[in-house]
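First comes the structure, then the notes that go with it.
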Amino acid sequence: MSTKPFLTKSVAFLLLLTAFTTAHARRQSIDLNNDWSFHFAYQMTASQARRVDLPHTWNAQDALVGRMDYTRAIGNYEKKLFVSADLAGKRLFLRFDGANTVTSVFVNGLYAGEHRGGYGAFVIEITDLVKPGKENTLLVRVNNAEQLDIMPLTGDFNMYGGIYRDVHLLVTDDICISPLDYASPGLKLIQDSVSARYARVINEIQLSSSRDRDEQVGITIRVKDQDKVVKTATATVTLPAGGTLTHTLPVEIRNPHLWNGVEDPFLYRVEAVITKDGQTLDSISEHLGLRFYSIDPDKGFFLNGKHLQLKGVCRHQDRAEVGNALRREHHDEDVRLMLEMGVNAVRLAHYPQAEYFYDLMDRHGLIVWAEIPFVGPGGYGNKGFVNSETFKANGRMQLVEMIRQHYNHPSICCWGLFNELKEAGDNPVEYIKELNALAHREDPTRPTTSASNQGGALNFITDLIAWNRYDGWYGSKPATLGTWLDNQHKQNPELRIGISEYGAGASIYHQQDSLKQPAPAGWWHPENWQTYYHIESWKIISSRPFVWGSFVWNMFDFGAAHRTEGDRPGINDKGLVTFDRKIRKDAFYFYKANWNKQEPVLYIAEKRNNQRHANRQTITVFTNQPEAELFVNGVSCGKAKPDDYATIRWENVELADGLNEIHVTTGNSKAPLTDRFTCEVVK
């Protein structure tokens, strides 16, 4: 059969596609990101359209400058698509990795399908609408306007609009591994039994046929360790005409190489191949990370039988200048920063994130909390739940979609069902019970969890529970977190308790000599309070083994157009790294010194406070080294050892009026570390 490639007007793209087609003779996944024409639906003339490439959002500017009325409208994306005549008889699908929020697709002016939800992938078959040998037109209408029948209804983050993830044209034979099961890969790797000595994996494969007669086809499953085939299973099945068939093939592995978090994130590769009469019709491959884990209400999280303290952060999928239209290099940079800090767990809040990011989590061994966008108002006035059947049906769809799309990722260890809901008004408790049961039907192997910020029956539904706590930021003091945790554990010893969020705002431009708790809603967010907050909070959390996991809010500053606080409107500045990823805040280095035992750390806190108002100062250093020595203007202030939290403080250090040179060094002569800064005492 001919494998002549899909044709475009770009010679470079044609050559690239030819190479791809040669390597994957049956299934083709063709990048459609470039050269779209975009205009808003209210712009009625063609002259108002402009060229864009995907990923794209129309809110990259207006939502990030504190405009609470940022554009929430319908955007039209159009593209010309020449399809080779050689693709006649093939099946053609459009795969969208993410578009927010309602997406309607038209091919050659004809309606092809719709997806209602902004954070999951979706696939629409367009075989019968495409004209092979001719130029075809694609029109994608994306609507991010507020509506009451789609999750989320509210949230302390921006609802960016647009096709903000990749789009592909998927080409398959008329018999294929189905891409239509909620955009899942069509191959489900069920870890039926896993231990250090034995693993049994049930490979559930879904086939689809567009032929007008029943066909007998062969299925081959190969489990590979790099190029070595570890296990093979085969079957012959009869696929009904114009229908689908789900078949399971178990494989057993003795003495499996386990996926063991950041220590050893080993991955097998599972290949599924469909054949007929000796010819390959379709094939796909998926990573397989074999692991087992448990969560104890007294002792916390265990991976492969060993206790693992989860040192986690939360992550939103946006950044300065591009909004949520992230490219692979953005995801890569985020993971590098997490690994540098010593993170081993990530809560992907408050919605499913890019498939590529889950792949990175698998490859680097980070434990993941994945969740649907069932988001309450937090401290704001809107509702996160409406007791209407259309809203509830959409939530069920988004939950099934998330689980089926991301089921195979070994990094995911729990499914999150809600964040900061309230029982007042329409009470979500019965609906949460329904979602909890649905999650267990879809995936009996993983526990459910949720993020609460109040009491009530909703805290006793999911298998795990975690709380968003801001003791020392939104009132109170950091010390009250310890009292609250101890009381919760004593009153509800059966609960598996986590901390889903804890954090404080900080601007790198806001510096102060004294340690004063700021007003969270004010324009003054001093960095040293955030640092103090995290030091005290981590002392409390890390000393309580019953806390199954904790997640800093947030790894990065993120966009929230309604916020008017910190050093500028439109930003939630609780990140440990600035929105543009250029500056690591002091609290980042506190965690790095405590969590990253692979890289030597020596860092002087409050270096950005380069104008002091008193001669006597406290110099704080974070280090994972045995000791350090402080020098002020070339004179030693003595050596000191870090405390149990990688912190050294030199109290009452005398600075001279005017400029002062301050540096600290470790005593390791083979690999000495030094950090320094200059400050001025101004009176």
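Labels for the structure tokens follow display order: chains A, B, ..., residues from 1 in each chain, ligands from 1.
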
Which residues of range 405-443 of chain A come within 10 Å of range 382-392 of chain A, and what is each one's closest atom pair and distance in Å (one decimal), counting only C-alpha atoms, sorted by chain and residue number, as a Markdown table?
```
| residue | atom | partner | partner_atom | distance |
| --- | --- | --- | --- | --- |
| A:Phe418 | CA | A:Gly384 | CA | 9.4 |
| A:Asn419 | CA | A:Gly384 | CA | 9.0 |
| A:Glu420 | CA | A:Gly384 | CA | 8.4 |
| A:Leu421 | CA | A:Gly384 | CA | 6.2 |
| A:Lys422 | CA | A:Gly384 | CA | 7.8 |
| A:Glu423 | CA | A:Phe385 | CA | 9.3 |
| A:Ala424 | CA | A:Lys383 | CA | 9.2 |
| A:Gly425 | CA | A:Lys383 | CA | 8.6 |
| A:Asp426 | CA | A:Asn387 | CA | 5.9 |
| A:Asn427 | CA | A:Phe385 | CA | 7.6 |
| A:Pro428 | CA | A:Phe385 | CA | 6.4 |
| A:Tyr431 | CA | A:Lys392 | CA | 7.6 |
| A:Ile432 | CA | A:Lys392 | CA | 9.9 |
| A:Glu434 | CA | A:Lys392 | CA | 9.7 |
| A:Leu435 | CA | A:Lys392 | CA | 9.3 |
```

Near Asn158 in chain A, counting only C-alpha atoms, which residues have an atom at most 7 Å away, once you skip same-chain residues fewer than 6 positions from it, shown as a PyMOL selection string?
chain A and resi 63+559-561

Cut-off 8 Å: closest range 531-630 of chain A/range 664-674 of chain A atom pairs per residue, using only C-alpha atoms, as CSV:
```
residue,atom,partner,partner_atom,distance
A:Val601,CA,A:Leu673,CA,7.9
A:Leu602,CA,A:Leu673,CA,6.5
A:Ile604,CA,A:Val664,CA,7.6
A:Gln625,CA,A:Thr666,CA,7.2
A:Glu627,CA,A:Thr666,CA,6.2
A:Ala628,CA,A:Thr666,CA,4.4
A:Glu629,CA,A:Thr665,CA,5.4
A:Leu630,CA,A:Val664,CA,4.4
```

Counting only C-alpha atoms, what is within 8 Å of Gly118 in chain A, bar same-chain residues fewer than 3 positions away, as a ChimeraX atom specification?
/A:98-102

CA of Ser283 in chain A and CA of Pro410 in chain A, how far apart in Å?
21.4 Å

Using DSSP on the backbone, list every residue of range 452-530 of chain A that comes out as alpha helix (DSSP H), and give them as a PyMOL selection string.
chain A and resi 479-491+527-530

Can I get the selection written as a compact mmCIF listing (two decimals), in the first residue's frame, with all heavy atoms?
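Listed below is the output, out_25.txt:
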```txt
# COMPACT_ATOMS: atom_id res chain seq x y z
N ALA A 479 2.53 28.89 63.57
CA ALA A 479 2.47 27.87 64.62
C ALA A 479 1.10 27.23 64.74
O ALA A 479 0.99 26.07 65.18
CB ALA A 479 2.88 28.47 65.96
N THR A 480 0.03 27.94 64.35
CA THR A 480 -1.30 27.37 64.49
C THR A 480 -1.53 26.19 63.55
O THR A 480 -2.43 25.39 63.78
CB THR A 480 -2.39 28.43 64.26
OG1 THR A 480 -2.26 28.96 62.95
CG2 THR A 480 -2.27 29.56 65.27
N LEU A 481 -0.72 26.07 62.51
CA LEU A 481 -0.83 24.92 61.62
C LEU A 481 -0.57 23.63 62.39
O LEU A 481 -1.28 22.62 62.21
CB LEU A 481 0.15 25.04 60.46
CG LEU A 481 0.24 23.84 59.51
CD1 LEU A 481 -1.11 23.56 58.85
CD2 LEU A 481 1.32 24.06 58.45
N GLY A 482 0.45 23.63 63.26
CA GLY A 482 0.75 22.44 64.04
C GLY A 482 -0.38 22.07 64.97
O GLY A 482 -0.76 20.89 65.08
N THR A 483 -0.95 23.05 65.64
CA THR A 483 -2.07 22.79 66.55
C THR A 483 -3.25 22.22 65.78
O THR A 483 -3.90 21.26 66.22
CB THR A 483 -2.48 24.08 67.27
OG1 THR A 483 -1.34 24.62 67.95
CG2 THR A 483 -3.61 23.83 68.25
N TRP A 484 -3.53 22.81 64.63
CA TRP A 484 -4.67 22.35 63.82
C TRP A 484 -4.46 20.93 63.34
O TRP A 484 -5.36 20.09 63.41
CB TRP A 484 -4.86 23.31 62.64
CG TRP A 484 -6.03 22.94 61.78
CD1 TRP A 484 -7.33 23.35 61.95
CD2 TRP A 484 -6.02 22.08 60.64
NE1 TRP A 484 -8.12 22.79 60.97
CE2 TRP A 484 -7.34 22.01 60.16
CE3 TRP A 484 -5.03 21.36 59.99
CZ2 TRP A 484 -7.69 21.24 59.07
CZ3 TRP A 484 -5.36 20.59 58.89
CH2 TRP A 484 -6.69 20.53 58.43
N LEU A 485 -3.25 20.61 62.83
CA LEU A 485 -2.97 19.26 62.35
C LEU A 485 -3.12 18.24 63.46
O LEU A 485 -3.73 17.17 63.27
CB LEU A 485 -1.56 19.20 61.76
CG LEU A 485 -1.37 19.71 60.34
CD1 LEU A 485 0.11 19.83 59.99
CD2 LEU A 485 -2.08 18.81 59.33
N ASP A 486 -2.57 18.53 64.62
CA ASP A 486 -2.63 17.59 65.73
C ASP A 486 -4.08 17.35 66.16
O ASP A 486 -4.47 16.20 66.46
CB ASP A 486 -1.80 18.10 66.91
CG ASP A 486 -0.31 18.11 66.61
OD1 ASP A 486 0.12 17.39 65.68
OD2 ASP A 486 0.42 18.86 67.29
N ASN A 487 -4.88 18.40 66.18
CA ASN A 487 -6.29 18.24 66.56
C ASN A 487 -7.05 17.40 65.54
O ASN A 487 -7.85 16.53 65.90
CB ASN A 487 -6.96 19.61 66.72
CG ASN A 487 -6.51 20.33 67.97
OD1 ASN A 487 -6.02 19.71 68.92
ND2 ASN A 487 -6.67 21.65 68.00
N GLN A 488 -6.80 17.67 64.24
CA GLN A 488 -7.46 16.88 63.20
C GLN A 488 -7.10 15.40 63.33
O GLN A 488 -7.97 14.52 63.22
CB GLN A 488 -7.07 17.40 61.82
CG GLN A 488 -7.80 18.65 61.38
CD GLN A 488 -9.28 18.42 61.14
OE1 GLN A 488 -9.70 17.31 60.82
NE2 GLN A 488 -10.08 19.47 61.29
N HIS A 489 -5.83 15.13 63.52
CA HIS A 489 -5.38 13.74 63.59
C HIS A 489 -5.94 13.05 64.83
O HIS A 489 -6.31 11.86 64.79
CB HIS A 489 -3.84 13.70 63.61
CG HIS A 489 -3.28 12.32 63.52
ND1 HIS A 489 -3.65 11.42 62.55
CD2 HIS A 489 -2.37 11.67 64.31
CE1 HIS A 489 -2.99 10.28 62.72
NE2 HIS A 489 -2.21 10.41 63.79
N LYS A 490 -6.04 13.78 65.93
CA LYS A 490 -6.57 13.19 67.16
C LYS A 490 -8.07 12.94 67.04
O LYS A 490 -8.58 11.88 67.47
CB LYS A 490 -6.28 14.13 68.33
CG LYS A 490 -6.76 13.61 69.67
CD LYS A 490 -6.41 14.58 70.80
CE LYS A 490 -6.89 14.06 72.15
NZ LYS A 490 -6.55 15.01 73.25
N GLN A 491 -8.79 13.89 66.47
CA GLN A 491 -10.24 13.76 66.37
C GLN A 491 -10.68 12.75 65.30
O GLN A 491 -11.73 12.14 65.41
CB GLN A 491 -10.86 15.13 66.06
CG GLN A 491 -10.70 16.15 67.17
CD GLN A 491 -11.04 17.57 66.72
OE1 GLN A 491 -11.61 17.77 65.65
NE2 GLN A 491 -10.69 18.55 67.55
N GLU A 527 9.49 39.94 50.90
CA GLU A 527 10.01 38.60 50.63
C GLU A 527 10.41 37.88 51.91
O GLU A 527 10.27 36.65 52.01
CB GLU A 527 11.20 38.70 49.68
CG GLU A 527 11.72 37.35 49.21
CD GLU A 527 12.87 37.47 48.22
OE1 GLU A 527 13.37 38.61 48.02
OE2 GLU A 527 13.27 36.44 47.67
N ASN A 528 10.91 38.62 52.90
CA ASN A 528 11.41 37.93 54.09
C ASN A 528 10.29 37.28 54.89
O ASN A 528 10.51 36.31 55.61
CB ASN A 528 12.27 38.84 54.97
CG ASN A 528 11.47 39.93 55.68
OD1 ASN A 528 10.33 40.24 55.31
ND2 ASN A 528 12.08 40.53 56.69
N TRP A 529 9.04 37.80 54.77
CA TRP A 529 7.94 37.13 55.46
C TRP A 529 7.63 35.79 54.80
O TRP A 529 7.35 34.80 55.49
CB TRP A 529 6.69 38.00 55.53
CG TRP A 529 5.61 37.31 56.33
CD1 TRP A 529 4.58 36.57 55.86
CD2 TRP A 529 5.54 37.24 57.76
NE1 TRP A 529 3.84 36.05 56.89
CE2 TRP A 529 4.40 36.44 58.07
CE3 TRP A 529 6.30 37.77 58.80
CZ2 TRP A 529 4.03 36.17 59.39
CZ3 TRP A 529 5.93 37.49 60.11
CH2 TRP A 529 4.80 36.70 60.39
N GLN A 530 7.66 35.74 53.49
CA GLN A 530 7.44 34.45 52.82
C GLN A 530 8.49 33.44 53.26
O GLN A 530 8.18 32.27 53.52
CB GLN A 530 7.50 34.61 51.29
CG GLN A 530 7.20 33.31 50.55
CD GLN A 530 7.58 33.34 49.08
OE1 GLN A 530 8.73 33.62 48.74
NE2 GLN A 530 6.65 33.03 48.20
```

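Among the candidates A:Asn33, A:Gly365, A:Thr234, A:Gln517, the residue lying nearest to Gly475 in chain A is A:Gln517 (atoms considered: only C-alpha atoms).
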
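Each of A:Gly161, A:Pro240, A:Pro478, A:Gly455 was compared to Gly75 in chain A using only C-alpha atoms, and A:Gly161 turns out to be the nearest.
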
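The neighbours of Arg50 in chain A here are the residues that come within 9 Å of it, using only C-alpha atoms and leaving out any residue fewer than 5 positions away in the same chain; they are Trp36, Ser37, Phe38 and His39 of chain A.
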
Could you pull out all residues of range 556-641 of chain A with a DSSP call of strand (DSSP E or B) and give them as a PyMOL selection string?
chain A and resi 556+558-565+568-572+577+584+602-604+611-612+616-623+628-632+635-640

Leaving out Gly109 in chain A and any residue of its chain fewer than 6 positions from it, which residues lie within 10 Å of it when counting only C-alpha atoms, given as a PDB file with N, CA and C atoms, in the first residue's frame?
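Wrote it out as result.pdb, contents follow:
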```pdb
ATOM      1  N   LEU A 129     -15.902  13.764   6.007  1.00  0.00           N
ATOM      2  CA  LEU A 129     -16.055  15.167   5.647  1.00  0.00           C
ATOM      3  C   LEU A 129     -14.914  15.692   4.784  1.00  0.00           C
ATOM      4  N   ASN A 136      -8.964  21.323   1.610  1.00  0.00           N
ATOM      5  CA  ASN A 136     -10.076  21.327   2.542  1.00  0.00           C
ATOM      6  C   ASN A 136      -9.943  22.518   3.495  1.00  0.00           C
ATOM      7  N   THR A 137     -11.047  22.902   4.092  1.00  0.00           N
ATOM      8  CA  THR A 137     -11.020  24.015   5.043  1.00  0.00           C
ATOM      9  C   THR A 137     -11.390  23.502   6.437  1.00  0.00           C
ATOM     10  N   LEU A 138     -10.650  23.981   7.406  1.00  0.00           N
ATOM     11  CA  LEU A 138     -10.962  23.722   8.806  1.00  0.00           C
ATOM     12  C   LEU A 138     -11.388  25.032   9.456  1.00  0.00           C
ATOM     13  N   LEU A 139     -12.460  24.991  10.213  1.00  0.00           N
ATOM     14  CA  LEU A 139     -12.891  26.104  11.041  1.00  0.00           C
ATOM     15  C   LEU A 139     -13.087  25.576  12.449  1.00  0.00           C
TER      16      LEU A 139
END
```

Contact residues around Asp298 in chain A with only C-alpha atoms at 12 Å, ignoring same-chain residues under 4 positions, as a ChimeraX atom specification
/A:294,302,307,486,489-490,492-498,544-548

Store the residues picked out above in a file with C-alpha atoms, as a PDB file, in the first residue's frame.
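So again.pdb came out as:
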```pdb
ATOM      1  CA  SER A 294       0.087   2.804  50.055  1.00  0.00           C
ATOM      2  CA  PHE A 302       4.961   4.361  51.076  1.00  0.00           C
ATOM      3  CA  HIS A 307       8.347   5.292  53.392  1.00  0.00           C
ATOM      4  CA  ASP A 486      -2.633  17.591  65.729  1.00  0.00           C
ATOM      5  CA  HIS A 489      -5.376  13.736  63.591  1.00  0.00           C
ATOM      6  CA  LYS A 490      -6.574  13.194  67.160  1.00  0.00           C
ATOM      7  CA  ASN A 492     -10.201  11.719  63.125  1.00  0.00           C
ATOM      8  CA  PRO A 493      -7.416   9.127  63.450  1.00  0.00           C
ATOM      9  CA  GLU A 494      -8.755   7.126  60.505  1.00  0.00           C
ATOM     10  CA  LEU A 495      -8.335  10.037  58.068  1.00  0.00           C
ATOM     11  CA  ARG A 496      -5.312  10.104  55.799  1.00  0.00           C
ATOM     12  CA  ILE A 497      -4.480  13.794  56.083  1.00  0.00           C
ATOM     13  CA  GLY A 498      -2.417  15.900  53.717  1.00  0.00           C
ATOM     14  CA  ARG A 544       4.416  14.997  61.551  1.00  0.00           C
ATOM     15  CA  PRO A 545       4.715  11.660  59.725  1.00  0.00           C
ATOM     16  CA  PHE A 546       0.935  11.264  59.538  1.00  0.00           C
ATOM     17  CA  VAL A 547       0.833  14.034  56.911  1.00  0.00           C
ATOM     18  CA  TRP A 548       0.816  11.842  53.793  1.00  0.00           C
TER      19      TRP A 548
END
```

Asp225 in chain A environment, 6 Å, only C-alpha atoms, sequence neighbours closer than 2 positions dropped, as a ChimeraX atom specification:
/A:227-228,268

So which one's closest to Asn324 in chain A, A:Pro132, A:Pro55, A:Pro265, A:Gly117? Using only C-alpha atoms, please.
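Using only C-alpha atoms, Asn324 in chain A sits closest to A:Pro55.
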
Out of A:His168, A:Arg91, A:Val270, A:Leu458, which residue has the shortest atom-to-atom distance to Ser208 in chain A when counting only C-alpha atoms?
A:Arg91

One-decimal distance in Å that lies between CA of Glu340 in chain A and CA of Leu303 in chain A
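Atom-to-atom, CA of Leu303 in chain A and CA of Glu340 in chain A are spaced 21.7 Å apart.
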
I'd like the interatomic distance between CA of Val107 in chain A and CA of Ile403 in chain A, to a tenth of an Å.
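Separating CA of Val107 in chain A from CA of Ile403 in chain A is a distance of 29.2 Å.
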